[in-house]
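Q: Just work-v1.cif, nothing more (mmCIF, C-alpha atoms and all ligand atoms):
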data_entry
#
loop_
_atom_site.label_atom_id
_atom_site.label_comp_id
_atom_site.auth_asym_id
_atom_site.auth_seq_id
_atom_site.Cartn_x
_atom_site.Cartn_y
_atom_site.Cartn_z
CA MET A 99 0.00 0.00 0.00
CA ALA A 100 1.09 3.56 -0.62
CA GLU A 101 2.85 5.35 2.18
CA LEU A 102 1.59 8.85 2.91
CA ASN A 103 4.62 10.54 4.43
CA PRO A 104 3.71 12.21 7.71
CA VAL A 105 4.36 15.91 8.30
CA GLY A 106 5.00 17.52 11.63
CA ASP A 107 4.74 21.11 12.72
CA LEU A 108 5.72 22.73 9.41
CA HIS A 109 4.95 26.11 7.85
CA ARG A 110 2.10 26.38 5.33
CA ASP A 111 4.49 26.90 2.38
CA THR A 112 6.11 23.59 3.26
CA LEU A 113 2.80 21.83 3.89
CA ALA A 114 1.61 22.86 0.41
CA VAL A 115 4.37 20.83 -1.28
CA ARG A 116 5.18 18.19 1.35
CA THR A 117 1.90 17.02 2.90
CA ALA A 118 0.80 13.51 2.05
CA VAL A 119 3.02 12.54 -0.85
CA PRO A 120 1.84 9.04 -1.81
CA ARG A 121 4.98 7.04 -2.47
CA SER A 122 5.18 3.51 -3.76
CA ALA A 123 8.05 1.03 -3.39
CA TYR A 124 9.68 2.72 -6.41
CA GLY A 125 10.33 5.83 -4.33
CA GLU A 126 9.09 8.35 -6.89
CA ASN A 127 9.56 11.96 -5.77
CA SER A 128 6.50 13.41 -7.48
CA GLU A 129 3.03 12.47 -6.25
CA ALA A 130 1.97 9.11 -7.68
CA LEU A 131 -1.28 8.82 -9.59
CA TYR A 132 -3.06 5.58 -8.74
CA LEU A 133 -5.53 4.74 -11.50
CA THR A 134 -7.48 1.75 -10.23
CA SER A 135 -11.11 1.09 -9.40
CA GLY A 136 -10.45 -1.93 -7.16
CA TYR A 137 -7.80 -3.12 -4.67
CA VAL A 138 -6.47 -6.64 -4.21
CA GLN A 139 -7.00 -7.70 -0.59
CA PRO A 140 -4.31 -9.50 1.43
CA SER A 141 -6.84 -11.96 2.88
CA ALA A 142 -10.56 -12.52 3.23
CA GLU A 143 -10.30 -11.62 6.94
CA ALA A 144 -8.49 -8.35 6.19
CA SER A 145 -11.02 -7.57 3.49
CA ALA A 146 -13.88 -8.09 5.95
CA ARG A 147 -12.20 -5.84 8.53
CA ARG A 148 -11.61 -3.11 5.93
CA PHE A 149 -15.20 -3.19 4.70
CA ALA A 150 -16.38 -3.03 8.32
CA GLY A 151 -14.17 0.01 8.90
CA ASP A 152 -12.11 -1.80 11.58
CA GLU A 153 -8.86 -1.63 9.62
CA GLU A 154 -7.28 0.97 7.35
CA GLY A 155 -6.97 -0.05 3.74
CA PHE A 156 -8.43 0.70 0.35
CA THR A 157 -11.23 -1.54 -0.87
CA TYR A 158 -13.09 -0.02 -3.80
CA GLY A 159 -12.67 3.13 -5.89
CA ARG A 160 -15.95 4.74 -4.88
CA TYR A 161 -14.85 4.65 -1.22
CA GLY A 162 -11.30 5.86 -1.54
CA ASN A 163 -7.99 6.08 -3.44
CA PRO A 164 -4.43 6.97 -2.31
CA THR A 165 -4.13 9.97 -4.66
CA VAL A 166 -7.57 11.24 -3.60
CA ALA A 167 -6.58 10.78 0.07
CA SER A 168 -3.40 12.82 -0.53
CA PHE A 169 -5.41 15.71 -1.94
CA GLU A 170 -7.78 15.58 1.05
CA GLN A 171 -4.92 15.58 3.57
CA ARG A 172 -3.09 18.42 1.85
CA LEU A 173 -6.22 20.57 1.58
CA ALA A 174 -7.07 19.91 5.25
CA ALA A 175 -3.51 20.93 6.21
CA LEU A 176 -3.79 24.20 4.29
CA GLU A 177 -7.25 25.01 5.72
CA GLY A 178 -6.10 24.14 9.24
CA ALA A 179 -8.91 21.55 9.35
CA PRO A 180 -8.76 18.19 11.11
CA ALA A 181 -10.04 16.37 8.00
CA ALA A 182 -11.34 16.79 4.45
CA ILE A 183 -13.37 14.73 2.02
CA SER A 184 -13.42 15.34 -1.71
CA THR A 185 -16.09 15.11 -4.41
CA ALA A 186 -16.43 15.23 -8.19
CA SER A 187 -17.38 18.95 -8.23
CA GLY A 188 -18.11 21.87 -5.92
CA MET A 189 -21.86 21.35 -6.27
CA SER A 190 -21.62 17.69 -5.31
CA ALA A 191 -19.70 18.75 -2.17
CA ILE A 192 -22.70 20.94 -1.25
CA LEU A 193 -25.06 18.05 -2.02
CA MET A 194 -22.97 15.73 0.19
CA MET A 195 -23.03 18.30 3.00
CA CYS A 196 -26.82 18.69 2.80
CA MET A 197 -27.50 14.95 2.53
CA GLY A 198 -25.18 14.27 5.43
CA LEU A 199 -26.55 16.90 7.81
CA LEU A 200 -30.22 17.45 6.99
CA LYS A 201 -33.47 15.55 7.13
CA SER A 202 -37.08 16.37 6.33
CA GLY A 203 -38.34 19.18 8.58
CA ASP A 204 -34.94 20.87 8.93
CA HIS A 205 -34.25 24.46 7.89
CA VAL A 206 -31.17 25.96 6.15
CA LEU A 207 -30.31 29.66 6.32
CA CYS A 208 -28.24 31.07 3.45
CA SER A 209 -26.98 34.33 2.11
CA GLN A 210 -29.07 35.52 -0.84
CA SER A 211 -25.84 36.34 -2.71
CA MET A 212 -24.69 32.72 -2.99
CA PHE A 213 -23.60 31.00 -6.20
CA GLY A 214 -26.66 30.54 -8.48
CA SER A 215 -26.59 26.72 -8.49
CA THR A 216 -26.30 26.72 -4.68
CA ILE A 217 -29.49 28.79 -4.44
CA LYS A 218 -31.21 26.41 -6.85
CA LEU A 219 -30.02 23.24 -5.07
CA ILE A 220 -30.92 24.42 -1.58
CA GLY A 221 -33.98 26.52 -2.42
CA THR A 222 -35.65 24.21 -4.97
CA ASP A 223 -34.19 20.69 -4.98
CA LEU A 224 -33.93 20.23 -1.20
CA ALA A 225 -37.48 21.59 -0.80
CA LYS A 226 -38.73 18.46 -2.61
CA PHE A 227 -37.40 16.43 0.33
CA GLY A 228 -39.01 18.59 3.01
CA VAL A 229 -35.97 20.73 3.85
CA SER A 230 -36.94 24.41 4.01
CA SER A 231 -34.62 27.36 3.45
CA SER A 232 -34.43 31.14 3.81
CA PHE A 233 -32.14 33.54 1.99
CA VAL A 234 -31.04 36.76 3.71
CA PRO A 235 -28.90 39.77 2.73
CA GLN A 236 -25.23 38.76 2.93
CA THR A 237 -23.98 41.59 5.17
CA ASP A 238 -27.08 42.16 7.40
CA LEU A 239 -26.32 40.27 10.64
CA ALA A 240 -29.67 41.30 12.18
CA ALA A 241 -31.45 39.67 9.22
CA TRP A 242 -29.47 36.44 9.72
CA GLN A 243 -30.33 36.44 13.42
CA ALA A 244 -34.02 37.18 12.78
CA ALA A 245 -34.33 34.36 10.23
CA VAL A 246 -33.08 31.64 12.62
CA ARG A 247 -35.81 29.11 13.47
CA PRO A 248 -35.93 26.25 15.99
CA ALA A 249 -35.48 23.85 13.03
CA THR A 250 -32.40 25.69 11.66
CA ARG A 251 -29.51 23.19 11.39
CA LEU A 252 -27.15 24.94 8.99
CA LEU A 253 -26.06 28.49 8.11
CA PHE A 254 -24.25 28.77 4.76
CA ALA A 255 -22.42 31.78 3.32
CA GLU A 256 -19.82 32.51 0.71
CA THR A 257 -17.33 35.33 1.17
CA PRO A 258 -16.43 37.26 -0.91
CA THR A 259 -19.46 36.67 -3.14
CA ASN A 260 -19.83 36.38 -6.86
CA PRO A 261 -19.95 38.82 -8.67
CA LEU A 262 -20.21 41.82 -6.30
CA THR A 263 -17.55 40.67 -3.80
CA GLU A 264 -19.73 41.25 -0.72
CA VAL A 265 -17.90 40.19 2.44
CA CYS A 266 -19.64 38.73 5.51
CA ASP A 267 -18.33 38.50 9.06
CA ILE A 268 -17.46 34.81 9.55
CA ARG A 269 -16.94 35.09 13.32
CA ALA A 270 -20.30 36.82 13.83
CA LEU A 271 -22.14 34.24 11.69
CA ALA A 272 -20.45 31.40 13.62
CA ASP A 273 -21.79 32.92 16.87
CA ILE A 274 -25.32 33.18 15.44
CA ALA A 275 -25.15 29.56 14.23
CA HIS A 276 -23.72 28.15 17.46
CA ASN A 277 -26.18 30.04 19.68
CA ALA A 278 -28.94 28.41 17.64
CA GLY A 279 -27.38 24.95 17.93
CA ALA A 280 -26.64 25.01 14.20
CA LEU A 281 -23.45 24.64 12.15
CA LEU A 282 -21.81 27.30 9.96
CA ALA A 283 -20.52 26.30 6.51
CA VAL A 284 -18.44 28.74 4.43
CA ASP A 285 -17.89 28.47 0.67
CA ASN A 286 -14.21 29.48 0.47
CA CYS A 287 -13.86 29.32 -3.34
CA PHE A 288 -13.01 32.98 -3.88
CA ALA A 289 -10.50 33.54 -1.09
CA THR A 290 -9.06 29.98 -0.83
CA PRO A 291 -6.99 28.91 2.21
CA ALA A 292 -4.17 31.06 0.81
CA LEU A 293 -6.07 34.17 2.00
CA GLN A 294 -8.79 33.03 4.40
CA ARG A 295 -9.15 30.09 6.80
CA PRO A 296 -12.76 30.11 8.02
CA MET A 297 -12.33 27.28 10.55
CA ALA A 298 -9.97 29.48 12.57
CA MET A 299 -12.83 32.01 12.75
CA GLY A 300 -15.39 29.53 14.02
CA ALA A 301 -16.79 27.93 10.86
CA ASP A 302 -17.58 24.22 11.23
CA ILE A 303 -17.35 23.32 7.55
CA VAL A 304 -15.37 24.84 4.67
CA MET A 305 -16.65 24.01 1.21
CA HIS A 306 -14.56 24.20 -1.98
CA SER A 307 -15.02 24.06 -5.69
CA GLY A 308 -11.60 22.63 -6.56
CA THR A 309 -12.46 23.55 -10.14
CA LYS A 310 -11.48 27.14 -9.38
CA TYR A 311 -8.26 28.29 -7.67
CA LEU A 312 -7.25 24.91 -6.17
CA ASP A 313 -6.66 23.56 -9.67
CA GLY A 314 -5.86 27.09 -10.73
CA GLN A 315 -5.27 26.34 -14.39
CA GLY A 316 -8.76 25.58 -15.65
CA ARG A 317 -8.30 21.84 -16.24
CA VAL A 318 -10.59 19.70 -14.08
CA MET A 319 -13.73 19.68 -11.93
CA ALA A 320 -13.34 18.91 -8.22
CA GLY A 321 -14.94 19.68 -4.86
CA ALA A 322 -14.29 19.18 -1.15
CA LEU A 323 -15.54 19.70 2.38
CA CYS A 324 -13.16 20.40 5.27
CA ALA A 325 -14.50 19.69 8.78
CA SER A 326 -13.95 17.77 12.02
CA GLN A 327 -12.95 14.12 11.73
CA ASP A 328 -16.35 13.21 13.23
CA LEU A 329 -18.34 15.13 10.62
CA VAL A 330 -16.24 13.67 7.82
CA THR A 331 -16.44 10.06 9.04
CA GLN A 332 -19.93 10.00 10.54
CA SER A 333 -21.88 12.42 8.32
CA PHE A 334 -20.17 12.80 4.93
CA LEU A 335 -18.32 9.54 4.18
CA PRO A 336 -21.52 7.43 4.40
CA VAL A 337 -23.12 9.70 1.76
CA LEU A 338 -20.07 9.35 -0.50
CA LYS A 339 -20.16 5.56 -0.13
CA SER A 340 -23.82 5.27 -1.06
CA ALA A 341 -24.30 8.20 -3.45
CA GLY A 342 -20.91 8.01 -5.20
CA MET A 343 -20.00 11.63 -5.96
CA THR A 344 -16.38 10.41 -5.79
CA LEU A 345 -13.51 12.54 -7.09
CA ALA A 346 -11.69 10.79 -9.96
CA PRO A 347 -8.02 9.94 -9.17
CA PHE A 348 -6.68 11.89 -12.16
CA ASN A 349 -8.64 15.00 -11.17
CA ALA A 350 -7.43 14.57 -7.58
CA TRP A 351 -3.83 14.43 -8.82
CA VAL A 352 -4.32 17.67 -10.81
CA VAL A 353 -5.75 19.61 -7.82
CA LEU A 354 -3.17 18.04 -5.47
CA LYS A 355 -0.42 19.51 -7.67
CA GLY A 356 -2.42 22.75 -7.97
CA LEU A 357 -2.25 23.22 -4.19
CA GLU A 358 1.55 23.44 -4.42
CA THR A 359 1.35 26.81 -6.19
CA LEU A 360 -1.89 28.11 -4.65
CA ASP A 361 -0.28 30.71 -2.37
CA ILE A 362 2.00 32.25 -4.97
CA ARG A 363 -0.74 32.26 -7.60
CA MET A 364 -3.22 33.94 -5.22
CA GLN A 365 -0.64 36.57 -4.21
CA ALA A 366 0.35 37.31 -7.81
CA GLN A 367 -3.21 37.32 -9.19
CA SER A 368 -4.53 39.42 -6.29
CA ALA A 369 -1.76 42.00 -6.82
CA ARG A 370 -2.83 42.31 -10.47
CA ALA A 371 -6.51 42.51 -9.43
CA LEU A 372 -5.76 45.40 -7.06
CA ALA A 373 -3.82 47.26 -9.74
CA LEU A 374 -6.63 46.68 -12.25
CA ALA A 375 -9.30 47.79 -9.73
CA GLN A 376 -7.40 51.02 -9.04
CA TRP A 377 -7.02 51.68 -12.78
CA LEU A 378 -10.71 50.98 -13.52
CA GLN A 379 -11.84 53.16 -10.61
CA VAL A 380 -10.57 56.30 -12.35
CA HIS A 381 -11.42 55.23 -15.92
CA PRO A 382 -13.88 57.70 -17.56
CA ALA A 383 -16.09 54.86 -18.94
CA VAL A 384 -16.48 53.13 -15.56
CA ALA A 385 -19.19 54.04 -13.04
CA ARG A 386 -18.23 51.74 -10.17
CA VAL A 387 -15.73 49.04 -9.20
CA TYR A 388 -16.47 46.22 -6.73
CA TYR A 389 -13.29 44.90 -5.12
CA PRO A 390 -12.64 44.25 -1.39
CA GLY A 391 -9.09 45.57 -1.68
CA LEU A 392 -10.30 49.10 -2.50
CA SER A 393 -10.89 51.43 0.46
CA SER A 394 -14.19 52.40 -1.23
CA HIS A 395 -15.53 48.84 -0.72
CA PRO A 396 -18.21 48.84 2.02
CA GLN A 397 -16.59 45.94 3.94
CA HIS A 398 -12.98 46.87 3.13
CA MET A 399 -11.75 46.77 6.75
CA LEU A 400 -13.49 43.48 7.51
CA ALA A 401 -12.16 41.94 4.28
CA MET A 402 -8.59 43.01 5.04
CA ALA A 403 -8.81 41.50 8.54
CA GLN A 404 -10.42 38.25 7.38
CA GLN A 405 -8.46 37.74 4.15
CA SER A 406 -4.80 38.18 5.15
CA GLY A 407 -4.86 41.83 4.02
CA CYS A 408 -5.67 40.84 0.46
CA GLY A 409 -8.70 41.47 -1.76
CA GLY A 410 -8.48 38.31 -3.87
CA ALA A 411 -8.32 37.95 -7.64
CA VAL A 412 -11.93 38.63 -8.70
CA LEU A 413 -13.45 42.06 -9.26
CA SER A 414 -16.49 43.46 -11.03
CA PHE A 415 -17.15 46.84 -12.57
CA GLU A 416 -20.13 48.70 -13.90
CA LEU A 417 -20.05 50.80 -17.05
CA LYS A 418 -21.47 54.31 -17.18
CA SER A 419 -24.76 54.43 -19.10
CA SER A 420 -28.20 56.03 -18.96
CA GLU A 421 -30.40 52.94 -19.36
CA PRO A 422 -30.18 49.08 -19.26
CA ASP A 423 -30.23 48.40 -23.05
CA GLN A 424 -27.39 50.83 -23.59
CA ALA A 425 -25.48 49.36 -20.63
CA ARG A 426 -25.84 45.84 -22.05
CA ALA A 427 -24.69 46.96 -25.51
CA ARG A 428 -21.67 48.69 -23.97
CA ALA A 429 -20.74 45.64 -21.87
CA PHE A 430 -21.05 43.37 -24.93
CA HIS A 431 -18.85 45.80 -26.90
CA VAL A 432 -16.09 45.66 -24.26
CA LEU A 433 -16.26 41.84 -24.18
CA ASP A 434 -16.37 41.46 -27.98
CA THR A 435 -13.36 43.77 -28.40
CA LEU A 436 -11.04 41.59 -26.27
CA GLN A 437 -8.05 40.19 -28.15
CA THR A 438 -5.84 38.75 -25.41
CA LEU A 439 -8.16 37.94 -22.49
CA SER A 440 -10.90 35.27 -22.54
CA LEU A 441 -14.68 35.72 -22.64
CA CYS A 442 -15.36 32.74 -20.36
CA THR A 443 -17.79 32.22 -17.47
CA ASN A 444 -15.35 30.51 -15.13
CA LEU A 445 -12.82 31.78 -12.62
CA GLY A 446 -9.67 30.69 -10.86
CA ASP A 447 -7.51 30.33 -13.96
CA THR A 448 -4.04 31.68 -14.74
CA LYS A 449 -5.71 33.20 -17.82
CA THR A 450 -7.81 36.31 -17.15
CA LEU A 451 -11.49 35.46 -17.70
CA LEU A 452 -14.27 38.00 -18.26
CA ALA A 453 -18.01 37.41 -18.03
CA HIS A 454 -21.30 39.30 -18.28
CA PRO A 455 -23.17 38.01 -15.20
CA ALA A 456 -26.60 39.40 -16.21
CA SER A 457 -26.76 37.19 -19.33
CA THR A 458 -24.85 34.15 -18.01
CA SER A 459 -24.53 33.16 -14.33
CA HIS A 460 -27.57 35.30 -13.40
CA GLY A 461 -29.39 34.99 -16.72
CA ARG A 462 -32.10 32.67 -15.38
CA LEU A 463 -33.18 35.15 -12.68
CA THR A 464 -36.19 37.45 -13.14
CA PRO A 465 -35.31 41.15 -13.58
CA ALA A 466 -36.49 41.76 -9.98
CA GLN A 467 -34.24 38.97 -8.62
CA ARG A 468 -31.34 40.31 -10.68
CA ASP A 469 -31.86 43.79 -9.27
CA ALA A 470 -31.99 42.36 -5.73
CA ALA A 471 -28.69 40.61 -6.43
CA GLY A 472 -27.26 43.93 -7.68
CA VAL A 473 -26.43 42.47 -11.10
CA SER A 474 -26.99 45.23 -13.66
CA GLN A 475 -26.76 44.98 -17.47
CA GLY A 476 -23.58 47.08 -17.45
CA LEU A 477 -21.74 44.83 -14.98
CA ILE A 478 -18.61 42.91 -16.10
CA ARG A 479 -16.79 40.38 -13.89
CA VAL A 480 -13.05 39.92 -14.22
CA ALA A 481 -11.24 36.90 -12.73
CA VAL A 482 -7.72 38.25 -13.01
CA GLY A 483 -5.00 35.84 -14.14
CA LEU A 484 -1.24 36.03 -14.53
CA GLU A 485 -0.84 38.10 -17.71
CA HIS A 486 1.19 41.30 -17.37
CA ILE A 487 -0.98 44.06 -15.87
CA THR A 488 -0.19 46.42 -18.76
CA ASP A 489 -1.51 43.88 -21.27
CA ILE A 490 -4.66 43.29 -19.18
CA GLN A 491 -5.34 47.03 -19.04
CA ALA A 492 -4.62 47.54 -22.75
CA ASP A 493 -7.01 44.77 -23.78
CA LEU A 494 -9.81 46.28 -21.68
CA ASP A 495 -8.99 49.84 -22.69
CA ARG A 496 -9.53 49.01 -26.38
CA GLY A 497 -13.24 48.46 -25.69
CA LEU A 498 -13.66 51.02 -22.92
CA THR A 499 -12.39 53.89 -25.07
CA THR A 500 -14.51 52.99 -28.14
CA ILE A 501 -17.89 52.59 -26.40
C1 LIG B 601 -17.98 27.33 -9.18
C2 LIG B 601 -18.52 27.56 -7.82
C3 LIG B 601 -19.26 26.56 -7.15
C4 LIG B 601 -19.61 25.24 -7.80
O1 LIG B 601 -18.49 24.47 -8.08
P1 LIG B 601 -18.41 23.44 -9.34
O2 LIG B 601 -17.06 22.86 -9.19
O3 LIG B 601 -18.63 24.24 -10.58
O4 LIG B 601 -19.50 22.44 -9.12
C5 LIG B 601 -19.70 26.84 -5.88
N1 LIG B 601 -19.44 28.03 -5.29
C6 LIG B 601 -18.73 29.00 -5.89
C7 LIG B 601 -18.46 30.28 -5.19
C8 LIG B 601 -18.24 28.81 -7.18
O5 LIG B 601 -17.56 29.79 -7.79
#
Can I see the file as structure tokens?
Ligand SMILES: *Cc1c(COP(=O)(O)O)cnc(C)c1O

A:
Amino acid sequence: MAELNPVGDLHRDTLAVRTAVPRSAYGENSEALYLTSGYVQPSAEASARRFAGDEEGFTYGRYGNPTVASFEQRLAALEGAPAAISTASGMSAILMMCMGLLKSGDHVLCSQSMFGSTIKLIGTDLAKFGVSSSFVPQTDLAAWQAAVRPATRLLFAETPTNPLTEVCDIRALADIAHNAGALLAVDNCFATPALQRPMAMGADIVMHSGTKYLDGQGRVMAGALCASQDLVTQSFLPVLKSAGMTLAPFNAWVVLKGLETLDIRMQAQSARALALAQWLQVHPAVARVYYPGLSSHPQHMLAMAQQSGCGGAVLSFELKSSEPDQARARAFHVLDTLQTLSLCTNLGDTKTLLAHPASTSHGRLTPAQRDAAGVSQGLIRVAVGLEHITDIQADLDRGLTTI
């Protein structure tokens, strides 16, 4: 069986490259990729003990894999979490969390600014199984408190949010959850453990779309939950075993290697995002910039304290215009004029990706819902990559100056 080399009390930089390197008898230095769906058992007795959970050892690909286990251990180390469990995508991590924690009659309390598919899964799909939900304004702590019910089991927020980068107070939400006997889960996709470690601020569960910055180069889908060993073993692993939202070994290997460069990518991409936000803020065609690293951001101080003094790599900006049709035409012009950067509704890539939220991620909302979410027709989201800042600005300026 593969040895996962143990790590002691090391710094995060070291943990990112040294935690849980699966190493076979060949002694390979790079992380081994184990592509197998089954495992030969040493004896029928050992097999029985492993299936019963009385002995460590891999049995079947849906339940576990050495490369997948390495990714989970490394992510847990970076989040400062006791354990982690991975899934095929970010959404299936949320499904695993809900299936593991909730039953008919329970209530979930979420920010209304969450990822669109999260709102759909919790608000619509879970409702079919008798789980109710409420959605409250991201930054209004009194609204969170007022919406708590006796049946509330889970509070769920994402910070910063997509696309307006609203920041919520993780510590305050943890207090509200714990006073109600509920758990707090935080979607940490945007900040990543490089900038923000919600468990240190009281969160019980950290959820990830590994598809974004953990991979970091736009290659694979992946997801994960970080939590206590008890939650992982008692609540989430049984769901994985029966429902099978298992992360594929190859995808696990890609995100495992992605974690090695997470910190330096987040620092470099965030530095470019700050420079771009400052440049856009004074551009004559731009009405408003949303970026936690700007002092004009409403939760700037909170964001700096919670996110290692860093705003992250995603920003949004609104174009000047007098009415929605004109705003949409202007946004489309800026996006259609791009020559270097990508028009692509994804984020967390080394390539800068731009999107028009009103017609893509938020396109299925009614105009009233879109207004409530603050997504206007003139809004453009930029997930800043690693291109030179001058080239990023020049590519945007081509469209902004010819509106
Ligand atoms: C992309 C994303 C998800 C969903 O993850 P998938 O890997 O696409 O399933 C959840 N939350 C946030 C904030 C995201 O950006």

Q: Return as JSON the box centre and box size in Å, one decimal, for an axis-aligned box around all listed atoms of ligand LIG 601 (chain B) padded by 4 Å per side.

A:
{"center_x": -18.4, "center_y": 26.4, "center_z": -7.9, "size_x": 10.6, "size_y": 15.8, "size_z": 13.4}

Q: With all atoms listed in the file counted, collect every polymer residue having an atom within 10 Å of ligand LIG 601 (chain B); state the result as an mmCIF file with C-alpha atoms, in the coordinates of the input.

A:
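Output file pocket_33.cif is given in full below:
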data_model
loop_
_atom_site.group_PDB
_atom_site.id
_atom_site.type_symbol
_atom_site.label_atom_id
_atom_site.label_comp_id
_atom_site.auth_asym_id
_atom_site.auth_seq_id
_atom_site.Cartn_x
_atom_site.Cartn_y
_atom_site.Cartn_z
ATOM 1 C CA THR A 185 -16.090 15.110 -4.410
ATOM 2 C CA ALA A 186 -16.430 15.230 -8.190
ATOM 3 C CA SER A 187 -17.380 18.950 -8.230
ATOM 4 C CA GLY A 188 -18.110 21.870 -5.920
ATOM 5 C CA MET A 189 -21.860 21.350 -6.270
ATOM 6 C CA SER A 190 -21.620 17.690 -5.310
ATOM 7 C CA ALA A 191 -19.700 18.750 -2.170
ATOM 8 C CA ILE A 192 -22.700 20.940 -1.250
ATOM 9 C CA SER A 211 -25.840 36.340 -2.710
ATOM 10 C CA MET A 212 -24.690 32.720 -2.990
ATOM 11 C CA PHE A 213 -23.600 31.000 -6.200
ATOM 12 C CA GLY A 214 -26.660 30.540 -8.480
ATOM 13 C CA SER A 215 -26.590 26.720 -8.490
ATOM 14 C CA THR A 216 -26.300 26.720 -4.680
ATOM 15 C CA ALA A 255 -22.420 31.780 3.320
ATOM 16 C CA GLU A 256 -19.820 32.510 0.710
ATOM 17 C CA THR A 257 -17.330 35.330 1.170
ATOM 18 C CA PRO A 258 -16.430 37.260 -0.910
ATOM 19 C CA THR A 259 -19.460 36.670 -3.140
ATOM 20 C CA ASN A 260 -19.830 36.380 -6.860
ATOM 21 C CA PRO A 261 -19.950 38.820 -8.670
ATOM 22 C CA VAL A 284 -18.440 28.740 4.430
ATOM 23 C CA ASP A 285 -17.890 28.470 0.670
ATOM 24 C CA ASN A 286 -14.210 29.480 0.470
ATOM 25 C CA CYS A 287 -13.860 29.320 -3.340
ATOM 26 C CA PHE A 288 -13.010 32.980 -3.880
ATOM 27 C CA ALA A 289 -10.500 33.540 -1.090
ATOM 28 C CA MET A 305 -16.650 24.010 1.210
ATOM 29 C CA HIS A 306 -14.560 24.200 -1.980
ATOM 30 C CA SER A 307 -15.020 24.060 -5.690
ATOM 31 C CA GLY A 308 -11.600 22.630 -6.560
ATOM 32 C CA THR A 309 -12.460 23.550 -10.140
ATOM 33 C CA LYS A 310 -11.480 27.140 -9.380
ATOM 34 C CA TYR A 311 -8.260 28.290 -7.670
ATOM 35 C CA VAL A 318 -10.590 19.700 -14.080
ATOM 36 C CA MET A 319 -13.730 19.680 -11.930
ATOM 37 C CA ALA A 320 -13.340 18.910 -8.220
ATOM 38 C CA GLY A 321 -14.940 19.680 -4.860
ATOM 39 C CA ALA A 322 -14.290 19.180 -1.150
ATOM 40 C CA THR A 443 -17.790 32.220 -17.470
ATOM 41 C CA ASN A 444 -15.350 30.510 -15.130
ATOM 42 C CA LEU A 445 -12.820 31.780 -12.620
ATOM 43 C CA GLY A 446 -9.670 30.690 -10.860
#

Q: For Ser393 of chain A, work out the shell of residues within 12 Å, counting all atoms listed in the file and skipping chain neighbours fewer than 2 positions away, then give it as JSON, numbers by chain.

A: {"A": [372, 375, 376, 379, 387, 388, 389, 390, 391, 395, 396, 397, 398, 399, 400, 401, 402, 407, 408, 409]}

Q: Determine the nearest neighbour of Lys418 of chain A from the options A:Gln475, A:Met364, A:Thr435, A:Arg317, counting only C-alpha atoms.

A: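 Closest to Lys418 of chain A of all the choices is A:Gln475.
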
Q: Between atom CA of Asp273 of chain A and atom CA of Cys196 of chain A, what is the distance in Å, rounded to a tenth?

A: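 Spanning atom CA of Asp273 of chain A to atom CA of Cys196 of chain A is a straight-line distance of 20.6 Å.
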